[in-house]
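> What follows is run-v9.pdb, made up of PDB, C-alpha atoms, pLDDT in the B column:
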```
MODEL        1
ATOM      1  CA  MET A 248     117.153 -60.281  67.094  1.00 70.00           C
ATOM      2  CA  THR A 249     118.133 -62.398  70.040  1.00 82.00           C
ATOM      3  CA  PRO A 250     118.174 -60.461  73.322  1.00 86.00           C
ATOM      4  CA  ARG A 251     121.728 -59.946  74.576  1.00 93.00           C
ATOM      5  CA  ILE A 252     120.852 -59.193  78.198  1.00 91.00           C
ATOM      6  CA  ASP A 253     117.776 -58.743  80.364  1.00 92.00           C
ATOM      7  CA  PHE A 254     118.038 -55.011  81.053  1.00 91.00           C
ATOM      8  CA  ALA A 255     115.098 -54.929  83.485  1.00 92.00           C
ATOM      9  CA  ALA A 256     116.542 -57.756  85.602  1.00 93.00           C
ATOM     10  CA  LEU A 257     120.106 -56.461  85.564  1.00 93.00           C
ATOM     11  CA  GLU A 258     119.268 -52.792  86.169  1.00 93.00           C
ATOM     12  CA  PRO A 259     115.896 -52.739  87.932  1.00 95.00           C
ATOM     13  CA  GLY A 260     116.417 -49.214  89.291  1.00 97.00           C
ATOM     14  CA  ALA A 261     117.058 -47.801  85.822  1.00 96.00           C
ATOM     15  CA  TYR A 262     114.115 -49.765  84.446  1.00 95.00           C
ATOM     16  CA  ARG A 263     111.824 -48.392  87.187  1.00 97.00           C
ATOM     17  CA  ALA A 264     113.071 -44.865  86.419  1.00 97.00           C
ATOM     18  CA  MET A 265     112.119 -45.324  82.765  1.00 96.00           C
ATOM     19  CA  LEU A 266     108.693 -46.596  83.837  1.00 97.00           C
ATOM     20  CA  GLY A 267     108.394 -43.458  85.966  1.00 97.00           C
ATOM     21  CA  LEU A 268     108.790 -41.378  82.819  1.00 96.00           C
ATOM     22  CA  GLU A 269     106.008 -43.419  81.231  1.00 96.00           C
ATOM     23  CA  GLN A 270     103.766 -42.716  84.233  1.00 96.00           C
ATOM     24  CA  TYR A 271     104.468 -38.985  83.940  1.00 95.00           C
ATOM     25  CA  LEU A 272     103.660 -39.066  80.226  1.00 96.00           C
ATOM     26  CA  ALA A 273     100.387 -40.924  80.838  1.00 96.00           C
ATOM     27  CA  SER A 274      99.241 -38.029  83.037  1.00 96.00           C
ATOM     28  CA  SER A 275     100.667 -35.281  80.839  1.00 96.00           C
ATOM     29  CA  PRO A 276      98.508 -32.797  78.906  1.00 96.00           C
ATOM     30  CA  LEU A 277      99.544 -34.279  75.550  1.00 96.00           C
ATOM     31  CA  PRO A 278      96.779 -36.406  73.978  1.00 95.00           C
ATOM     32  CA  ALA A 279      97.432 -40.152  74.316  1.00 96.00           C
ATOM     33  CA  GLY A 280      96.940 -40.800  70.613  1.00 96.00           C
ATOM     34  CA  LEU A 281      99.523 -38.203  69.682  1.00 97.00           C
ATOM     35  CA  ARG A 282     101.979 -39.646  72.220  1.00 97.00           C
ATOM     36  CA  GLU A 283     101.686 -43.030  70.492  1.00 97.00           C
ATOM     37  CA  LEU A 284     102.139 -41.530  67.021  1.00 98.00           C
ATOM     38  CA  VAL A 285     105.220 -39.645  68.206  1.00 98.00           C
ATOM     39  CA  ALA A 286     106.718 -42.713  69.900  1.00 98.00           C
ATOM     40  CA  LEU A 287     105.941 -44.811  66.828  1.00 98.00           C
ATOM     41  CA  ARG A 288     107.596 -42.307  64.485  1.00 98.00           C
ATOM     42  CA  ALA A 289     110.711 -42.035  66.667  1.00 98.00           C
ATOM     43  CA  SER A 290     110.872 -45.838  66.786  1.00 98.00           C
ATOM     44  CA  GLN A 291     110.597 -46.026  62.995  1.00 98.00           C
ATOM     45  CA  LEU A 292     113.463 -43.554  62.629  1.00 97.00           C
ATOM     46  CA  ASN A 293     115.587 -45.486  65.105  1.00 97.00           C
ATOM     47  CA  GLY A 294     114.884 -48.878  63.529  1.00 95.00           C
ATOM     48  CA  CYS A 295     113.527 -50.444  66.711  1.00 96.00           C
ATOM     49  CA  ALA A 296     111.208 -53.215  65.519  1.00 95.00           C
ATOM     50  CA  PHE A 297     110.093 -54.106  69.054  1.00 94.00           C
ATOM     51  CA  CYS A 298     109.052 -50.512  69.798  1.00 96.00           C
ATOM     52  CA  VAL A 299     107.476 -50.003  66.365  1.00 97.00           C
ATOM     53  CA  GLU A 300     105.199 -52.976  66.958  1.00 97.00           C
ATOM     54  CA  LEU A 301     104.452 -51.925  70.560  1.00 96.00           C
ATOM     55  CA  HIS A 302     103.402 -48.389  69.608  1.00 97.00           C
ATOM     56  CA  ARG A 303     101.561 -49.511  66.467  1.00 97.00           C
ATOM     57  CA  ARG A 304      99.495 -51.893  68.599  1.00 97.00           C
ATOM     58  CA  ARG A 305      98.885 -49.302  71.328  1.00 97.00           C
ATOM     59  CA  ALA A 306      97.860 -46.679  68.781  1.00 97.00           C
ATOM     60  CA  GLY A 307      95.501 -49.116  67.071  1.00 96.00           C
ATOM     61  CA  ASN A 308      94.006 -50.178  70.390  1.00 96.00           C
ATOM     62  CA  GLY A 309      93.536 -46.487  71.192  1.00 95.00           C
ATOM     63  CA  GLY A 310      91.437 -46.000  68.072  1.00 96.00           C
ATOM     64  CA  GLU A 311      94.051 -44.904  65.545  1.00 96.00           C
ATOM     65  CA  SER A 312      93.114 -45.990  62.023  1.00 96.00           C
ATOM     66  CA  GLY A 313      95.134 -48.520  60.087  1.00 95.00           C
ATOM     67  CA  GLU A 314      95.385 -46.044  57.225  1.00 96.00           C
ATOM     68  CA  ARG A 315      97.032 -43.361  59.372  1.00 97.00           C
ATOM     69  CA  LEU A 316      99.373 -45.889  60.938  1.00 97.00           C
ATOM     70  CA  ALA A 317     100.379 -47.140  57.494  1.00 96.00           C
ATOM     71  CA  LEU A 318     100.964 -43.581  56.287  1.00 97.00           C
ATOM     72  CA  LEU A 319     102.895 -42.350  59.321  1.00 98.00           C
ATOM     73  CA  ALA A 320     106.286 -42.816  57.655  1.00 96.00           C
ATOM     74  CA  SER A 321     105.113 -40.515  54.859  1.00 96.00           C
ATOM     75  CA  TRP A 322     103.299 -37.988  57.034  1.00 97.00           C
ATOM     76  CA  HIS A 323     105.022 -35.130  55.176  1.00 95.00           C
ATOM     77  CA  THR A 324     102.923 -35.796  52.078  1.00 96.00           C
ATOM     78  CA  SER A 325      99.834 -37.463  53.515  1.00 95.00           C
ATOM     79  CA  ALA A 326      96.589 -35.539  53.957  1.00 95.00           C
ATOM     80  CA  CYS A 327      95.684 -37.777  56.937  1.00 96.00           C
ATOM     81  CA  PHE A 328      97.437 -35.659  59.556  1.00 97.00           C
ATOM     82  CA  SER A 329      96.353 -32.328  61.020  1.00 97.00           C
ATOM     83  CA  ASP A 330      98.623 -29.300  61.103  1.00 97.00           C
ATOM     84  CA  ALA A 331      99.109 -29.800  64.848  1.00 98.00           C
ATOM     85  CA  GLU A 332     100.082 -33.443  64.341  1.00 98.00           C
ATOM     86  CA  ARG A 333     102.454 -32.463  61.536  1.00 98.00           C
ATOM     87  CA  ALA A 334     104.115 -29.937  63.813  1.00 98.00           C
ATOM     88  CA  ALA A 335     104.537 -32.582  66.516  1.00 98.00           C
ATOM     89  CA  LEU A 336     105.918 -35.104  64.031  1.00 98.00           C
ATOM     90  CA  ALA A 337     108.347 -32.535  62.612  1.00 98.00           C
ATOM     91  CA  LEU A 338     109.576 -31.818  66.136  1.00 98.00           C
ATOM     92  CA  THR A 339     109.858 -35.568  66.732  1.00 98.00           C
ATOM     93  CA  GLU A 340     112.038 -36.015  63.672  1.00 98.00           C
ATOM     94  CA  ALA A 341     114.194 -32.969  64.409  1.00 98.00           C
ATOM     95  CA  THR A 342     114.717 -34.069  68.020  1.00 98.00           C
ATOM     96  CA  THR A 343     115.396 -37.693  67.102  1.00 98.00           C
ATOM     97  CA  ARG A 344     117.819 -36.831  64.295  1.00 97.00           C
ATOM     98  CA  LEU A 345     119.687 -33.924  65.811  1.00 95.00           C
ATOM     99  CA  GLY A 346     121.684 -32.121  63.163  1.00 91.00           C
ATOM    100  CA  PRO A 347     124.428 -29.528  63.569  1.00 93.00           C
ATOM    101  CA  GLU A 348     121.860 -26.813  64.271  1.00 92.00           C
ATOM    102  CA  GLY A 349     119.919 -28.928  66.763  1.00 96.00           C
ATOM    103  CA  VAL A 350     116.175 -28.414  66.459  1.00 97.00           C
ATOM    104  CA  PRO A 351     115.630 -25.630  63.924  1.00 97.00           C
ATOM    105  CA  ASP A 352     113.807 -22.559  65.248  1.00 97.00           C
ATOM    106  CA  ALA A 353     111.212 -22.865  62.474  1.00 97.00           C
ATOM    107  CA  VAL A 354     110.317 -26.399  63.616  1.00 98.00           C
ATOM    108  CA  TRP A 355     109.994 -25.274  67.242  1.00 98.00           C
ATOM    109  CA  LYS A 356     107.933 -22.199  66.316  1.00 98.00           C
ATOM    110  CA  GLU A 357     105.518 -24.312  64.268  1.00 98.00           C
ATOM    111  CA  ALA A 358     105.057 -26.722  67.181  1.00 98.00           C
ATOM    112  CA  ALA A 359     104.586 -23.781  69.567  1.00 98.00           C
ATOM    113  CA  ALA A 360     101.854 -22.439  67.284  1.00 98.00           C
ATOM    114  CA  HIS A 361      99.804 -25.575  67.987  1.00 98.00           C
ATOM    115  CA  TRP A 362     100.809 -26.702  71.479  1.00 98.00           C
ATOM    116  CA  ASP A 363     101.083 -24.737  74.717  1.00 97.00           C
ATOM    117  CA  ASP A 364     104.254 -24.781  76.826  1.00 97.00           C
ATOM    118  CA  ARG A 365     103.148 -27.684  79.037  1.00 97.00           C
ATOM    119  CA  GLN A 366     102.188 -29.729  75.990  1.00 97.00           C
ATOM    120  CA  LEU A 367     105.521 -28.869  74.352  1.00 98.00           C
ATOM    121  CA  ALA A 368     107.358 -30.019  77.472  1.00 97.00           C
ATOM    122  CA  ALA A 369     105.400 -33.282  77.379  1.00 97.00           C
ATOM    123  CA  LEU A 370     106.090 -33.632  73.657  1.00 98.00           C
ATOM    124  CA  VAL A 371     109.830 -33.201  74.198  1.00 98.00           C
ATOM    125  CA  MET A 372     109.734 -35.768  77.019  1.00 98.00           C
ATOM    126  CA  THR A 373     107.709 -38.171  74.862  1.00 98.00           C
ATOM    127  CA  VAL A 374     110.347 -37.989  72.140  1.00 98.00           C
ATOM    128  CA  ALA A 375     113.218 -38.268  74.623  1.00 98.00           C
ATOM    129  CA  THR A 376     111.627 -41.245  76.364  1.00 98.00           C
ATOM    130  CA  ALA A 377     110.885 -43.032  73.089  1.00 98.00           C
ATOM    131  CA  ASN A 378     114.462 -42.464  71.958  1.00 98.00           C
ATOM    132  CA  ALA A 379     115.815 -43.781  75.255  1.00 98.00           C
ATOM    133  CA  TRP A 380     113.650 -46.923  75.058  1.00 97.00           C
ATOM    134  CA  ASN A 381     114.706 -47.405  71.412  1.00 97.00           C
ATOM    135  CA  ARG A 382     118.359 -47.244  72.337  1.00 96.00           C
ATOM    136  CA  ILE A 383     117.893 -49.656  75.232  1.00 96.00           C
ATOM    137  CA  ALA A 384     115.955 -52.120  73.075  1.00 95.00           C
ATOM    138  CA  VAL A 385     118.272 -51.918  70.064  1.00 95.00           C
ATOM    139  CA  GLY A 386     121.414 -51.929  72.204  1.00 94.00           C
ATOM    140  CA  THR A 387     120.383 -54.993  74.190  1.00 93.00           C
ATOM    141  CA  GLY A 388     119.142 -56.884  71.148  1.00 90.00           C
ATOM    142  CA  LEU A 389     115.451 -56.644  72.011  1.00 85.00           C
ATOM    143  CA  GLY A 390     114.596 -54.374  69.082  1.00 72.00           C
TER     144      GLY A 390
ENDMDL
END
```
So, in terms of structure tokens, how does the structure I just supplied come out?

Amino acid sequence: MTPRIDFAALEPGAYRAMLGLEQYLASSPLPAGLRELVALRASQLNGCAFCVELHRRRAGNGGESGERLALLASWHTSACFSDAERAALALTEATTRLGPEGVPDAVWKEAAAHWDDRQLAALVMTVATANAWNRIAVGTGLG
């Protein structure tokens, strides 16, 4: 895609606010590798090529295996992901693709079985931030 506008130059305050969310997430209690997997999965669902490549590269640089990155889109059936990761990815998908019932209670309860409240808050913010970046990138022609 050809970029339509330079969002960061036109709206530097909004761009800085988004970077502030990234700074919060970097210091959150959610493991960095999981944050990248979650952001990558949300980006896959949203069709943001720019963000998919960004998070794939970050995850790989953080030590994530090529096999797990290749299998992320089929995490439901892959043995490569732990139960805790599966719960986080299920919450990512439910939050990214909100249906009429919102995030199903069963999805939330499974995530809560693996992550404490602070980690859940960081997980929700990771998904929300990834979705916001995806929409900015796709909307402006970057992704």
> Edge lengths and centre in Å to one decimal, as lines of an AutoDock Vina configuration file, is what I'm after for the box along x, y and z that holds all listed atoms of range 275-282 of chain A once 6 Å is added on each side.

```
center_x = 99.4
center_y = -36.8
center_z = 75.3
size_x = 17.2
size_y = 20.0
size_z = 23.2
```
> Got a sec to resolve the PyMOL selection byres ((chain A and resi 304-320) around 10) on this structure and send the residues as a ChimeraX atom specification?
/A:279-288,291-292,298-303,321-328,336
> Would you list the contacts of range 363-379 of chain A as a PDB file with C-alpha atoms, in the coordinates of the input, taking every protein, DNA or RNA residue within 7 Å and counting all atoms listed in the file, but skipping same-chain residues closer than 3 positions in sequence?

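Just written: part.pdb:
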```pdb
ATOM      1  CA  LEU A 272     103.660 -39.066  80.226  1.00 96.00           C
ATOM      2  CA  SER A 275     100.667 -35.281  80.839  1.00 96.00           C
ATOM      3  CA  PRO A 276      98.508 -32.797  78.906  1.00 96.00           C
ATOM      4  CA  LEU A 277      99.544 -34.279  75.550  1.00 96.00           C
ATOM      5  CA  ARG A 282     101.979 -39.646  72.220  1.00 97.00           C
ATOM      6  CA  VAL A 285     105.220 -39.645  68.206  1.00 98.00           C
ATOM      7  CA  ALA A 286     106.718 -42.713  69.900  1.00 98.00           C
ATOM      8  CA  ALA A 289     110.711 -42.035  66.667  1.00 98.00           C
ATOM      9  CA  SER A 290     110.872 -45.838  66.786  1.00 98.00           C
ATOM     10  CA  THR A 339     109.858 -35.568  66.732  1.00 98.00           C
ATOM     11  CA  THR A 343     115.396 -37.693  67.102  1.00 98.00           C
ATOM     12  CA  ALA A 359     104.586 -23.781  69.567  1.00 98.00           C
ATOM     13  CA  ARG A 382     118.359 -47.244  72.337  1.00 96.00           C
ATOM     14  CA  ILE A 383     117.893 -49.656  75.232  1.00 96.00           C
TER      15      ILE A 383
END
```
> Could you state the separation of CA of Ala358 in chain A and CA of Cys295 in chain A in Å, given to one decimal place?
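Between CA of Ala358 in chain A and CA of Cys295 in chain A the gap is 25.2 Å.
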> Any chance you could work out the residue set of the PyMOL selection byres ((chain A and resi 254) around 12) here, as a ChimeraX atom specification?
/A:250-253,255-263,265,380,382-389
> What is the distance between CA of Gln270 in chain A and CA of Ala335 in chain A, in Å to one decimal?
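Here the two named atoms are 20.4 Å from each other.
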> Give me, please, the distance in Å between CA of Ser274 in chain A and CA of Leu338 in chain A, quoted to one decimal.
20.8 Å
> Neighbouring residues of Trp355 in chain A were defined as those with any atom within 9 Å, considering only C-alpha atoms; residues of the same chain fewer than 4 positions away were excluded. Please report them as an NGL selection string.
:A and (334 or 337-338 or 350-351 or 359-360)
> Would you mind telling me which residue in A:Asn293, A:Tyr271, A:Gly390, A:Asp330 lies nearest to Thr342 in chain A when using all atoms listed in the file?
A:Asn293
> Using only C-alpha atoms, can you tell me which of A:Gly346, A:Gly267, A:Gly294, A:Pro278 comes closest to Ala331 in chain A?
A:Pro278
> As a CSV table (one decimal), in the frame of the given file, could you write out range 279-290 of chain A once it has been completed with all heavy atoms?

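Resulting contents of result.csv:
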```
chain,number,residue,atom,x,y,z
A,279,ALA,N,96.9,-38.8,74.4
A,279,ALA,CA,97.4,-40.2,74.3
A,279,ALA,C,97.7,-40.6,72.9
A,279,ALA,O,98.7,-41.2,72.6
A,279,ALA,CB,96.5,-41.1,75.0
A,280,GLY,N,96.8,-40.4,72.0
A,280,GLY,CA,96.9,-40.8,70.6
A,280,GLY,C,98.2,-40.2,70.0
A,280,GLY,O,98.9,-40.8,69.2
A,281,LEU,N,98.4,-38.9,70.2
A,281,LEU,CA,99.5,-38.2,69.7
A,281,LEU,C,100.8,-38.8,70.3
A,281,LEU,O,101.8,-38.9,69.6
A,281,LEU,CB,99.4,-36.7,69.9
A,281,LEU,CG,100.6,-35.9,69.3
A,281,LEU,CD1,100.6,-36.0,67.8
A,281,LEU,CD2,100.6,-34.5,69.8
A,282,ARG,N,100.8,-39.0,71.6
A,282,ARG,CA,102.0,-39.6,72.2
A,282,ARG,C,102.4,-40.9,71.5
A,282,ARG,O,103.5,-41.2,71.3
A,282,ARG,CB,101.7,-39.9,73.7
A,282,ARG,CG,101.7,-38.6,74.5
A,282,ARG,CD,101.8,-38.9,76.0
A,282,ARG,NE,101.1,-40.0,76.5
A,282,ARG,CZ,99.8,-39.9,77.0
A,282,ARG,NH1,99.2,-38.8,77.0
A,282,ARG,NH2,99.2,-41.0,77.4
A,283,GLU,N,101.4,-41.8,71.2
A,283,GLU,CA,101.7,-43.0,70.5
A,283,GLU,C,102.2,-42.8,69.1
A,283,GLU,O,103.1,-43.5,68.7
A,283,GLU,CB,100.5,-43.9,70.5
A,283,GLU,CG,100.1,-44.5,71.8
A,283,GLU,CD,101.2,-45.2,72.6
A,283,GLU,OE1,102.0,-45.9,71.9
A,283,GLU,OE2,101.2,-45.2,73.8
A,284,LEU,N,101.6,-41.8,68.4
A,284,LEU,CA,102.1,-41.5,67.0
A,284,LEU,C,103.6,-41.0,67.1
A,284,LEU,O,104.4,-41.4,66.3
A,284,LEU,CB,101.3,-40.5,66.3
A,284,LEU,CG,99.9,-40.9,65.9
A,284,LEU,CD1,99.1,-39.7,65.3
A,284,LEU,CD2,100.0,-42.0,64.8
A,285,VAL,N,103.9,-40.2,68.0
A,285,VAL,CA,105.2,-39.6,68.2
A,285,VAL,C,106.2,-40.8,68.6
A,285,VAL,O,107.3,-40.9,68.0
A,285,VAL,CB,105.2,-38.5,69.3
A,285,VAL,CG1,106.6,-38.2,69.8
A,285,VAL,CG2,104.6,-37.3,68.7
A,286,ALA,N,105.8,-41.6,69.5
A,286,ALA,CA,106.7,-42.7,69.9
A,286,ALA,C,106.9,-43.7,68.7
A,286,ALA,O,108.0,-44.2,68.5
A,286,ALA,CB,106.2,-43.4,71.1
A,287,LEU,N,105.8,-43.9,68.0
A,287,LEU,CA,105.9,-44.8,66.8
A,287,LEU,C,106.9,-44.2,65.8
A,287,LEU,O,107.7,-44.9,65.2
A,287,LEU,CB,104.6,-45.1,66.2
A,287,LEU,CG,104.5,-45.9,65.0
A,287,LEU,CD1,105.2,-47.2,65.1
A,287,LEU,CD2,103.0,-46.1,64.5
A,288,ARG,N,106.7,-42.9,65.5
A,288,ARG,CA,107.6,-42.3,64.5
A,288,ARG,C,109.1,-42.3,64.9
A,288,ARG,O,109.9,-42.6,64.1
A,288,ARG,CB,107.1,-40.9,64.2
A,288,ARG,CG,107.9,-40.2,63.1
A,288,ARG,CD,107.7,-41.0,61.7
A,288,ARG,NE,108.6,-40.5,60.7
A,288,ARG,CZ,109.3,-41.2,59.9
A,288,ARG,NH1,109.2,-42.6,60.0
A,288,ARG,NH2,110.1,-40.7,59.0
A,289,ALA,N,109.3,-42.0,66.2
A,289,ALA,CA,110.7,-42.0,66.7
A,289,ALA,C,111.3,-43.5,66.5
A,289,ALA,O,112.4,-43.7,66.1
A,289,ALA,CB,110.8,-41.6,68.1
A,290,SER,N,110.4,-44.4,66.9
A,290,SER,CA,110.9,-45.8,66.8
A,290,SER,C,111.1,-46.3,65.3
A,290,SER,O,112.1,-47.0,65.1
A,290,SER,CB,109.8,-46.7,67.4
A,290,SER,OG,109.6,-46.4,68.8
```
